[in-house]
>>> print(open('work38.pdb').read())   # PDB, C-alpha atoms, pLDDT in the B column
MODEL        1
ATOM      1  CA  MET A1485     -32.475 -43.434 -67.249  1.00 85.00           C
ATOM      2  CA  PRO A1486     -32.090 -46.527 -69.429  1.00 91.00           C
ATOM      3  CA  ILE A1487     -31.157 -49.751 -67.601  1.00 91.00           C
ATOM      4  CA  ASN A1488     -27.925 -50.241 -69.581  1.00 92.00           C
ATOM      5  CA  LYS A1489     -26.746 -46.722 -68.660  1.00 95.00           C
ATOM      6  CA  ILE A1490     -27.489 -47.365 -64.990  1.00 95.00           C
ATOM      7  CA  ILE A1491     -25.492 -50.603 -65.096  1.00 94.00           C
ATOM      8  CA  ASP A1492     -22.612 -48.872 -66.914  1.00 96.00           C
ATOM      9  CA  LYS A1493     -22.542 -46.153 -64.236  1.00 97.00           C
ATOM     10  CA  LEU A1494     -22.591 -48.817 -61.516  1.00 96.00           C
ATOM     11  CA  ILE A1495     -19.619 -50.497 -63.194  1.00 96.00           C
ATOM     12  CA  GLN A1496     -17.732 -47.200 -63.395  1.00 98.00           C
ATOM     13  CA  ILE A1497     -18.395 -46.407 -59.736  1.00 97.00           C
ATOM     14  CA  SER A1498     -17.320 -49.939 -58.798  1.00 96.00           C
ATOM     15  CA  LYS A1499     -14.076 -49.656 -60.769  1.00 97.00           C
ATOM     16  CA  ASN A1500     -13.262 -46.389 -59.009  1.00 97.00           C
ATOM     17  CA  LYS A1501     -14.161 -47.900 -55.662  1.00 97.00           C
ATOM     18  CA  HIS A1502     -11.983 -50.934 -56.422  1.00 97.00           C
ATOM     19  CA  ARG A1503      -9.028 -48.622 -57.066  1.00 97.00           C
ATOM     20  CA  TYR A1504      -9.596 -46.719 -53.805  1.00 97.00           C
ATOM     21  CA  VAL A1505     -10.119 -49.883 -51.767  1.00 96.00           C
ATOM     22  CA  SER A1506      -6.896 -51.321 -53.231  1.00 96.00           C
ATOM     23  CA  ILE A1507      -5.048 -48.178 -52.181  1.00 96.00           C
ATOM     24  CA  THR A1508      -6.630 -48.443 -48.730  1.00 94.00           C
ATOM     25  CA  LEU A1509      -5.382 -52.030 -48.448  1.00 95.00           C
ATOM     26  CA  GLY A1510      -1.848 -50.816 -49.219  1.00 95.00           C
ATOM     27  CA  ILE A1511      -2.198 -48.105 -46.603  1.00 94.00           C
ATOM     28  CA  GLN A1512      -3.418 -50.690 -44.101  1.00 92.00           C
ATOM     29  CA  LYS A1513      -0.370 -52.877 -44.812  1.00 94.00           C
ATOM     30  CA  ASN A1514       1.943 -49.869 -44.350  1.00 93.00           C
ATOM     31  CA  LEU A1515       0.159 -49.113 -41.114  1.00 89.00           C
ATOM     32  CA  SER A1516       0.890 -52.644 -39.874  1.00 90.00           C
ATOM     33  CA  MET A1517       4.563 -52.209 -40.673  1.00 91.00           C
ATOM     34  CA  TYR A1518       4.734 -48.855 -38.880  1.00 88.00           C
ATOM     35  CA  ILE A1519       2.920 -50.268 -35.860  1.00 86.00           C
ATOM     36  CA  GLU A1520       5.442 -53.123 -35.649  1.00 85.00           C
ATOM     37  CA  GLN A1521       8.298 -50.620 -35.921  1.00 86.00           C
ATOM     38  CA  GLY A1522       6.706 -48.258 -33.383  1.00 82.00           C
ATOM     39  CA  ARG A1523       6.912 -45.302 -35.777  1.00 81.00           C
ATOM     40  CA  THR A1524       4.190 -43.179 -34.216  1.00 81.00           C
ATOM     41  CA  GLU A1525       4.433 -40.225 -36.600  1.00 82.00           C
ATOM     42  CA  ASN A1526       4.019 -42.536 -39.602  1.00 87.00           C
ATOM     43  CA  ILE A1527       1.117 -44.338 -37.926  1.00 86.00           C
ATOM     44  CA  ALA A1528      -0.793 -41.086 -37.533  1.00 85.00           C
ATOM     45  CA  LYS A1529      -0.143 -40.101 -41.159  1.00 89.00           C
ATOM     46  CA  GLN A1530      -1.294 -43.488 -42.441  1.00 89.00           C
ATOM     47  CA  ILE A1531      -4.484 -43.360 -40.377  1.00 88.00           C
ATOM     48  CA  GLU A1532      -5.189 -39.861 -41.715  1.00 90.00           C
ATOM     49  CA  LEU A1533      -4.596 -41.040 -45.287  1.00 93.00           C
ATOM     50  CA  LYS A1534      -6.740 -44.121 -44.768  1.00 91.00           C
ATOM     51  CA  ASP A1535      -9.598 -41.982 -43.423  1.00 91.00           C
ATOM     52  CA  LYS A1536      -9.316 -39.715 -46.473  1.00 93.00           C
ATOM     53  CA  TYR A1537      -9.698 -42.650 -48.870  1.00 94.00           C
ATOM     54  CA  LEU A1538     -12.462 -44.251 -46.838  1.00 91.00           C
ATOM     55  CA  SER A1539     -14.503 -41.045 -46.928  1.00 93.00           C
ATOM     56  CA  ARG A1540     -14.210 -41.068 -50.723  1.00 94.00           C
ATOM     57  CA  VAL A1541     -15.286 -44.701 -50.784  1.00 94.00           C
ATOM     58  CA  GLN A1542     -18.306 -43.859 -48.623  1.00 94.00           C
ATOM     59  CA  LYS A1543     -19.321 -41.181 -51.135  1.00 96.00           C
ATOM     60  CA  MET A1544     -19.030 -43.759 -53.931  1.00 96.00           C
ATOM     61  CA  ASP A1545     -21.114 -46.180 -51.878  1.00 95.00           C
ATOM     62  CA  MET A1546     -23.892 -43.615 -51.553  1.00 95.00           C
ATOM     63  CA  ASP A1547     -23.833 -42.958 -55.293  1.00 96.00           C
ATOM     64  CA  PHE A1548     -23.777 -46.696 -56.008  1.00 95.00           C
ATOM     65  CA  TYR A1549     -26.693 -47.517 -53.728  1.00 94.00           C
ATOM     66  CA  ALA A1550     -28.791 -44.664 -55.111  1.00 95.00           C
ATOM     67  CA  LEU A1551     -28.273 -45.966 -58.651  1.00 95.00           C
ATOM     68  CA  PHE A1552     -28.657 -49.576 -57.573  1.00 92.00           C
ATOM     69  CA  SER A1553     -31.967 -48.757 -55.900  1.00 93.00           C
ATOM     70  CA  GLU A1554     -33.084 -47.053 -59.104  1.00 94.00           C
ATOM     71  CA  LEU A1555     -32.079 -50.159 -61.071  1.00 92.00           C
ATOM     72  CA  LYS A1556     -33.947 -52.537 -58.774  1.00 91.00           C
ATOM     73  CA  LEU A1557     -37.000 -50.307 -58.829  1.00 92.00           C
ATOM     74  CA  SER A1558     -36.930 -50.033 -62.627  1.00 90.00           C
ATOM     75  CA  LEU A1559     -36.654 -53.793 -63.010  1.00 89.00           C
ATOM     76  CA  GLY A1560     -38.988 -54.643 -60.127  1.00 90.00           C
ATOM     77  CA  VAL A1561     -36.459 -56.873 -58.361  1.00 89.00           C
ATOM     78  CA  ASP A1562     -35.004 -56.914 -54.870  1.00 86.00           C
ATOM     79  CA  SER A1563     -31.673 -58.545 -55.696  1.00 84.00           C
ATOM     80  CA  ILE A1564     -29.065 -58.357 -58.450  1.00 82.00           C
ATOM     81  CA  ASP A1565     -29.306 -62.129 -58.757  1.00 82.00           C
ATOM     82  CA  LYS A1566     -32.872 -61.780 -60.014  1.00 84.00           C
ATOM     83  CA  ILE A1567     -31.838 -59.598 -62.972  1.00 84.00           C
ATOM     84  CA  ASN A1568     -31.703 -61.349 -66.322  1.00 83.00           C
ATOM     85  CA  GLY A1569     -27.992 -61.692 -67.100  1.00 84.00           C
ATOM     86  CA  LYS A1570     -28.627 -62.590 -70.734  1.00 89.00           C
ATOM     87  CA  LYS A1571     -30.621 -59.423 -71.281  1.00 90.00           C
ATOM     88  CA  TYR A1572     -28.025 -57.300 -69.434  1.00 90.00           C
ATOM     89  CA  PRO A1573     -24.598 -58.915 -70.050  1.00 92.00           C
ATOM     90  CA  GLN A1574     -22.715 -56.072 -68.279  1.00 92.00           C
ATOM     91  CA  LEU A1575     -24.020 -57.487 -65.004  1.00 91.00           C
ATOM     92  CA  LYS A1576     -21.328 -60.163 -65.187  1.00 92.00           C
ATOM     93  CA  GLU A1577     -18.626 -57.498 -65.072  1.00 94.00           C
ATOM     94  CA  LEU A1578     -20.425 -55.636 -62.280  1.00 93.00           C
ATOM     95  CA  LYS A1579     -20.709 -58.794 -60.165  1.00 91.00           C
ATOM     96  CA  LYS A1580     -17.032 -59.586 -60.762  1.00 94.00           C
ATOM     97  CA  ILE A1581     -15.859 -56.143 -59.631  1.00 95.00           C
ATOM     98  CA  VAL A1582     -18.167 -56.137 -56.604  1.00 92.00           C
ATOM     99  CA  GLY A1583     -16.852 -59.597 -55.653  1.00 93.00           C
ATOM    100  CA  GLU A1584     -13.263 -58.335 -55.844  1.00 96.00           C
ATOM    101  CA  ILE A1585     -14.149 -55.334 -53.695  1.00 95.00           C
ATOM    102  CA  ILE A1586     -15.695 -57.647 -51.099  1.00 94.00           C
ATOM    103  CA  LYS A1587     -12.489 -59.719 -50.983  1.00 96.00           C
ATOM    104  CA  LEU A1588     -10.346 -56.593 -50.589  1.00 96.00           C
ATOM    105  CA  ASN A1589     -12.588 -55.338 -47.790  1.00 94.00           C
ATOM    106  CA  GLU A1590     -12.317 -58.683 -46.005  1.00 95.00           C
ATOM    107  CA  GLU A1591      -8.534 -58.498 -46.223  1.00 95.00           C
ATOM    108  CA  ILE A1592      -8.594 -54.924 -44.906  1.00 93.00           C
ATOM    109  CA  ASP A1593     -10.843 -55.997 -42.012  1.00 92.00           C
ATOM    110  CA  ILE A1594      -8.449 -58.803 -41.044  1.00 93.00           C
ATOM    111  CA  ILE A1595      -5.419 -56.497 -41.056  1.00 93.00           C
ATOM    112  CA  ASP A1596      -7.373 -53.775 -39.249  1.00 89.00           C
ATOM    113  CA  SER A1597      -8.400 -56.224 -36.547  1.00 89.00           C
ATOM    114  CA  GLN A1598      -4.790 -57.346 -36.086  1.00 89.00           C
ATOM    115  CA  ASN A1599      -3.587 -53.735 -35.925  1.00 86.00           C
ATOM    116  CA  THR A1600      -6.266 -52.865 -33.381  1.00 85.00           C
ATOM    117  CA  LYS A1601      -5.219 -55.778 -31.156  1.00 84.00           C
ATOM    118  CA  ILE A1602      -1.578 -54.708 -31.299  1.00 81.00           C
ATOM    119  CA  LEU A1603      -2.383 -51.057 -30.601  1.00 78.00           C
ATOM    120  CA  THR A1604      -4.725 -51.987 -27.750  1.00 78.00           C
ATOM    121  CA  LYS A1605      -2.016 -54.179 -26.211  1.00 75.00           C
ATOM    122  CA  ASP A1606       0.577 -51.437 -26.688  1.00 63.00           C
ATOM    123  CA  MET A1607      -1.760 -48.865 -25.136  1.00 63.00           C
ATOM    124  CA  GLY A1608      -2.219 -51.120 -22.119  1.00 58.00           C
ATOM    125  CA  GLU A1609       1.526 -51.530 -21.734  1.00 57.00           C
ATOM    126  CA  THR A1610       2.079 -47.798 -22.206  1.00 50.00           C
ATOM    127  CA  SER A1611      -0.652 -47.056 -19.692  1.00 52.00           C
ATOM    128  CA  ASN A1612       1.018 -49.348 -17.154  1.00 51.00           C
ATOM    129  CA  LYS A1613       4.383 -47.662 -17.761  1.00 50.00           C
ATOM    130  CA  LEU A1614       2.802 -44.229 -17.313  1.00 50.00           C
ATOM    131  CA  ARG A1615       1.092 -45.404 -14.139  1.00 56.00           C
ATOM    132  CA  GLY A1616       4.480 -46.566 -12.821  1.00 53.00           C
ATOM    133  CA  ILE A1617       6.075 -43.239 -13.738  1.00 53.00           C
ATOM    134  CA  LYS A1618       3.263 -41.335 -12.011  1.00 54.00           C
ATOM    135  CA  GLN A1619       3.644 -43.470  -8.884  1.00 57.00           C
ATOM    136  CA  GLY A1620       7.380 -42.847  -8.958  1.00 53.00           C
ATOM    137  CA  ARG A1621       6.775 -39.105  -9.240  1.00 57.00           C
ATOM    138  CA  ARG A1622       4.301 -39.210  -6.358  1.00 58.00           C
ATOM    139  CA  ALA A1623       6.842 -41.057  -4.225  1.00 51.00           C
ATOM    140  CA  ALA A1624       9.570 -38.583  -5.196  1.00 53.00           C
ATOM    141  CA  ASN A1625       7.268 -35.639  -4.476  1.00 53.00           C
ATOM    142  CA  ALA A1626       6.275 -37.142  -1.130  1.00 53.00           C
ATOM    143  CA  TYR A1627       9.956 -37.623  -0.307  1.00 54.00           C
ATOM    144  CA  LYS A1628      10.716 -34.006  -1.291  1.00 54.00           C
ATOM    145  CA  ALA A1629       7.797 -32.766   0.793  1.00 54.00           C
ATOM    146  CA  GLN A1630       8.995 -34.813   3.773  1.00 56.00           C
ATOM    147  CA  LYS A1631      12.527 -33.541   3.230  1.00 51.00           C
ATOM    148  CA  ASN A1632      11.266 -29.937   3.102  1.00 53.00           C
ATOM    149  CA  ILE A1633       9.288 -30.415   6.310  1.00 55.00           C
ATOM    150  CA  VAL A1634      12.312 -31.871   8.089  1.00 48.00           C
ATOM    151  CA  LYS A1635      14.511 -29.090   6.706  1.00 52.00           C
ATOM    152  CA  SER A1636      12.112 -26.349   7.800  1.00 52.00           C
ATOM    153  CA  LEU A1637      11.746 -27.944  11.261  1.00 52.00           C
ATOM    154  CA  SER A1638      15.496 -28.095  11.707  1.00 53.00           C
ATOM    155  CA  GLN A1639      15.815 -24.464  10.559  1.00 56.00           C
ATOM    156  CA  HIS A1640      13.052 -23.498  12.975  1.00 51.00           C
ATOM    157  CA  ARG A1641      14.828 -25.295  15.843  1.00 53.00           C
ATOM    158  CA  LYS A1642      18.106 -23.568  15.036  1.00 57.00           C
ATOM    159  CA  LYS A1643      16.366 -20.180  15.193  1.00 58.00           C
ATOM    160  CA  SER A1644      14.687 -21.103  18.478  1.00 55.00           C
ATOM    161  CA  GLN A1645      17.969 -21.993  20.141  1.00 57.00           C
TER     162      GLN A1645
ENDMDL
END
>>> encode(input="work38.pdb", output="structure tokens")
Amino acid sequence: MPINKIIDKLIQISKNKHRYVSITLGIQKNLSMYIEQGRTENIAKQIELKDKYLSRVQKMDMDFYALFSELKLSLGVDSIDKINGKKYPQLKELKKIVGEIIKLNEEIDIIDSQNTKILTKDMGETSNKLRGIKQGRRAANAYKAQKNIVKSLSQHRKKSQ
């Protein structure tokens, strides 16, 4: 395939990826809001939606890297920086889009890290609450068992007398 066509396809894939990564960033921001509000059902939906978009992005990444490898092989280079930008002016656009995608991914990573910390903290607090509830149930069950033993002993004594 001609070099210019490969670069044009890389640009097209990158534009599509940029759109999907932008949507993913919006989803991530919504997720943060739902986490703060404790809206569990919305959190699950957002995570599902995010996973759906990320799987599409992964497919685009595979297509991109296959074409990019073909480009590097055809030109005999190991880096995009070593490709003659004057000979292939579309590279400027490709680099710009890839740079924007990198920035979006960094922003997503920051928000994701914050969300993970909040959810981990919340899970710890929830776990402690559940542990307290379980201990309370055990104590209540032990009390009921003791009460039943005492009750059955007193009934047994009444029958014996």
>>> atom_distance(input="work38.pdb", atom1="CA of Leu1555 (chain A)", atom2="CA of Leu1494 (chain A)")
9.6 Å
>>> residues_near_point(input="work38.pdb", point="(-21.7, -57.8, -64.7)", cutoff="12 Å", atoms="only C-alpha atoms", output="PyMOL selection string")
chain A and resi 1488+1490-1496+1498-1499+1564-1565+1567-1583
>>> resolve_selection(input="work38.pdb", expression="the PyMOL selection byres ((chain A and resi 1524-1540) around 12)", output="number ranges by chain")
A: 1497, 1500-1523, 1541-1547, 1589, 1592, 1596, 1599-1600, 1603, 1606
>>> atom_distance(input="work38.pdb", atom1="CA of Lys1587 (chain A)", atom2="CA of Leu1551 (chain A)")
22.3 Å
>>> axis_aligned_box(input="work38.pdb", around="region 1537-1554 of chain A", padding_each_side="5 Å", output="lines of an AutoDock Vina configuration file")
center_x = -21.4
center_y = -45.3
center_z = -53.0
size_x = 33.4
size_y = 18.5
size_z = 22.3
>>> atom_distance(input="work38.pdb", atom1="CA of Lys1556 (chain A)", atom2="CA of Ile1487 (chain A)")
9.7 Å
>>> closest_residue(input="work38.pdb", among="A:Met1485, A:Ile1586, A:Ile1595, A:Ile1602", to="Glu1554 (chain A)", atoms="all atoms listed in the file")
A:Met1485
>>> build_atoms(input="work38.pdb", residues="region 1569-1594 of chain A", atoms="N, CA, C and O atoms", output="JSON list (two decimals), in the frame of the given file")
[["chain", "number", "residue", "atom", "x", "y", "z"],
["A", 1569, "GLY", "N", -29.37, -61.90, -66.66],
["A", 1569, "GLY", "CA", -27.99, -61.69, -67.10],
["A", 1569, "GLY", "C", -27.84, -61.76, -68.60],
["A", 1569, "GLY", "O", -26.94, -61.15, -69.17],
["A", 1570, "LYS", "N", -28.71, -62.50, -69.27],
["A", 1570, "LYS", "CA", -28.63, -62.59, -70.73],
["A", 1570, "LYS", "C", -29.10, -61.28, -71.37],
["A", 1570, "LYS", "O", -28.57, -60.86, -72.39],
["A", 1571, "LYS", "N", -30.09, -60.67, -70.76],
["A", 1571, "LYS", "CA", -30.62, -59.42, -71.28],
["A", 1571, "LYS", "C", -29.68, -58.25, -70.99],
["A", 1571, "LYS", "O", -29.58, -57.31, -71.77],
["A", 1572, "TYR", "N", -28.95, -58.36, -69.85],
["A", 1572, "TYR", "CA", -28.02, -57.30, -69.43],
["A", 1572, "TYR", "C", -26.65, -57.93, -69.16],
["A", 1572, "TYR", "O", -26.28, -58.17, -68.01],
["A", 1573, "PRO", "N", -25.88, -58.20, -70.22],
["A", 1573, "PRO", "CA", -24.60, -58.92, -70.05],
["A", 1573, "PRO", "C", -23.56, -58.17, -69.22],
["A", 1573, "PRO", "O", -22.65, -58.78, -68.67],
["A", 1574, "GLN", "N", -23.69, -56.82, -69.09],
["A", 1574, "GLN", "CA", -22.72, -56.07, -68.28],
["A", 1574, "GLN", "C", -22.79, -56.45, -66.80],
["A", 1574, "GLN", "O", -21.89, -56.16, -66.03],
["A", 1575, "LEU", "N", -23.88, -57.09, -66.41],
["A", 1575, "LEU", "CA", -24.02, -57.49, -65.00],
["A", 1575, "LEU", "C", -22.90, -58.43, -64.58],
["A", 1575, "LEU", "O", -22.48, -58.40, -63.42],
["A", 1576, "LYS", "N", -22.41, -59.23, -65.50],
["A", 1576, "LYS", "CA", -21.33, -60.16, -65.19],
["A", 1576, "LYS", "C", -20.09, -59.38, -64.72],
["A", 1576, "LYS", "O", -19.47, -59.72, -63.72],
["A", 1577, "GLU", "N", -19.77, -58.33, -65.45],
["A", 1577, "GLU", "CA", -18.63, -57.50, -65.07],
["A", 1577, "GLU", "C", -18.87, -56.80, -63.73],
["A", 1577, "GLU", "O", -17.98, -56.75, -62.88],
["A", 1578, "LEU", "N", -20.08, -56.31, -63.54],
["A", 1578, "LEU", "CA", -20.42, -55.64, -62.28],
["A", 1578, "LEU", "C", -20.28, -56.60, -61.10],
["A", 1578, "LEU", "O", -19.67, -56.25, -60.08],
["A", 1579, "LYS", "N", -20.80, -57.80, -61.25],
["A", 1579, "LYS", "CA", -20.71, -58.79, -60.16],
["A", 1579, "LYS", "C", -19.25, -59.14, -59.87],
["A", 1579, "LYS", "O", -18.87, -59.31, -58.71],
["A", 1580, "LYS", "N", -18.44, -59.24, -60.93],
["A", 1580, "LYS", "CA", -17.03, -59.59, -60.76],
["A", 1580, "LYS", "C", -16.32, -58.50, -59.96],
["A", 1580, "LYS", "O", -15.60, -58.80, -59.00],
["A", 1581, "ILE", "N", -16.52, -57.25, -60.33],
["A", 1581, "ILE", "CA", -15.86, -56.14, -59.63],
["A", 1581, "ILE", "C", -16.33, -56.06, -58.18],
["A", 1581, "ILE", "O", -15.52, -55.90, -57.27],
["A", 1582, "VAL", "N", -17.63, -56.19, -57.97],
["A", 1582, "VAL", "CA", -18.17, -56.14, -56.60],
["A", 1582, "VAL", "C", -17.58, -57.28, -55.77],
["A", 1582, "VAL", "O", -17.22, -57.08, -54.60],
["A", 1583, "GLY", "N", -17.45, -58.46, -56.36],
["A", 1583, "GLY", "CA", -16.85, -59.60, -55.65],
["A", 1583, "GLY", "C", -15.41, -59.32, -55.25],
["A", 1583, "GLY", "O", -14.98, -59.65, -54.14],
["A", 1584, "GLU", "N", -14.65, -58.68, -56.15],
["A", 1584, "GLU", "CA", -13.26, -58.34, -55.84],
["A", 1584, "GLU", "C", -13.20, -57.30, -54.72],
["A", 1584, "GLU", "O", -12.32, -57.39, -53.84],
["A", 1585, "ILE", "N", -14.11, -56.35, -54.75],
["A", 1585, "ILE", "CA", -14.15, -55.33, -53.70],
["A", 1585, "ILE", "C", -14.44, -55.99, -52.35],
["A", 1585, "ILE", "O", -13.82, -55.65, -51.33],
["A", 1586, "ILE", "N", -15.35, -56.94, -52.35],
["A", 1586, "ILE", "CA", -15.70, -57.65, -51.10],
["A", 1586, "ILE", "C", -14.47, -58.37, -50.55],
["A", 1586, "ILE", "O", -14.18, -58.30, -49.34],
["A", 1587, "LYS", "N", -13.71, -59.02, -51.43],
["A", 1587, "LYS", "CA", -12.49, -59.72, -50.98],
["A", 1587, "LYS", "C", -11.46, -58.74, -50.42],
["A", 1587, "LYS", "O", -10.83, -59.01, -49.39],
["A", 1588, "LEU", "N", -11.28, -57.61, -51.08],
["A", 1588, "LEU", "CA", -10.35, -56.59, -50.59],
["A", 1588, "LEU", "C", -10.78, -56.07, -49.22],
["A", 1588, "LEU", "O", -9.95, -55.91, -48.32],
["A", 1589, "ASN", "N", -12.07, -55.82, -49.08],
["A", 1589, "ASN", "CA", -12.59, -55.34, -47.79],
["A", 1589, "ASN", "C", -12.38, -56.36, -46.68],
["A", 1589, "ASN", "O", -12.08, -55.99, -45.54],
["A", 1590, "GLU", "N", -12.55, -57.63, -47.01],
["A", 1590, "GLU", "CA", -12.32, -58.68, -46.00],
["A", 1590, "GLU", "C", -10.86, -58.70, -45.57],
["A", 1590, "GLU", "O", -10.55, -58.82, -44.38],
["A", 1591, "GLU", "N", -9.96, -58.53, -46.54],
["A", 1591, "GLU", "CA", -8.53, -58.50, -46.22],
["A", 1591, "GLU", "C", -8.20, -57.28, -45.36],
["A", 1591, "GLU", "O", -7.45, -57.37, -44.38],
["A", 1592, "ILE", "N", -8.79, -56.14, -45.70],
["A", 1592, "ILE", "CA", -8.59, -54.92, -44.91],
["A", 1592, "ILE", "C", -9.10, -55.13, -43.48],
["A", 1592, "ILE", "O", -8.44, -54.75, -42.51],
["A", 1593, "ASP", "N", -10.27, -55.75, -43.34],
["A", 1593, "ASP", "CA", -10.84, -56.00, -42.01],
["A", 1593, "ASP", "C", -9.94, -56.88, -41.16],
["A", 1593, "ASP", "O", -9.77, -56.63, -39.96],
["A", 1594, "ILE", "N", -9.35, -57.90, -41.78],
["A", 1594, "ILE", "CA", -8.45, -58.80, -41.04],
["A", 1594, "ILE", "C", -7.23, -58.03, -40.55],
["A", 1594, "ILE", "O", -6.86, -58.12, -39.37]]
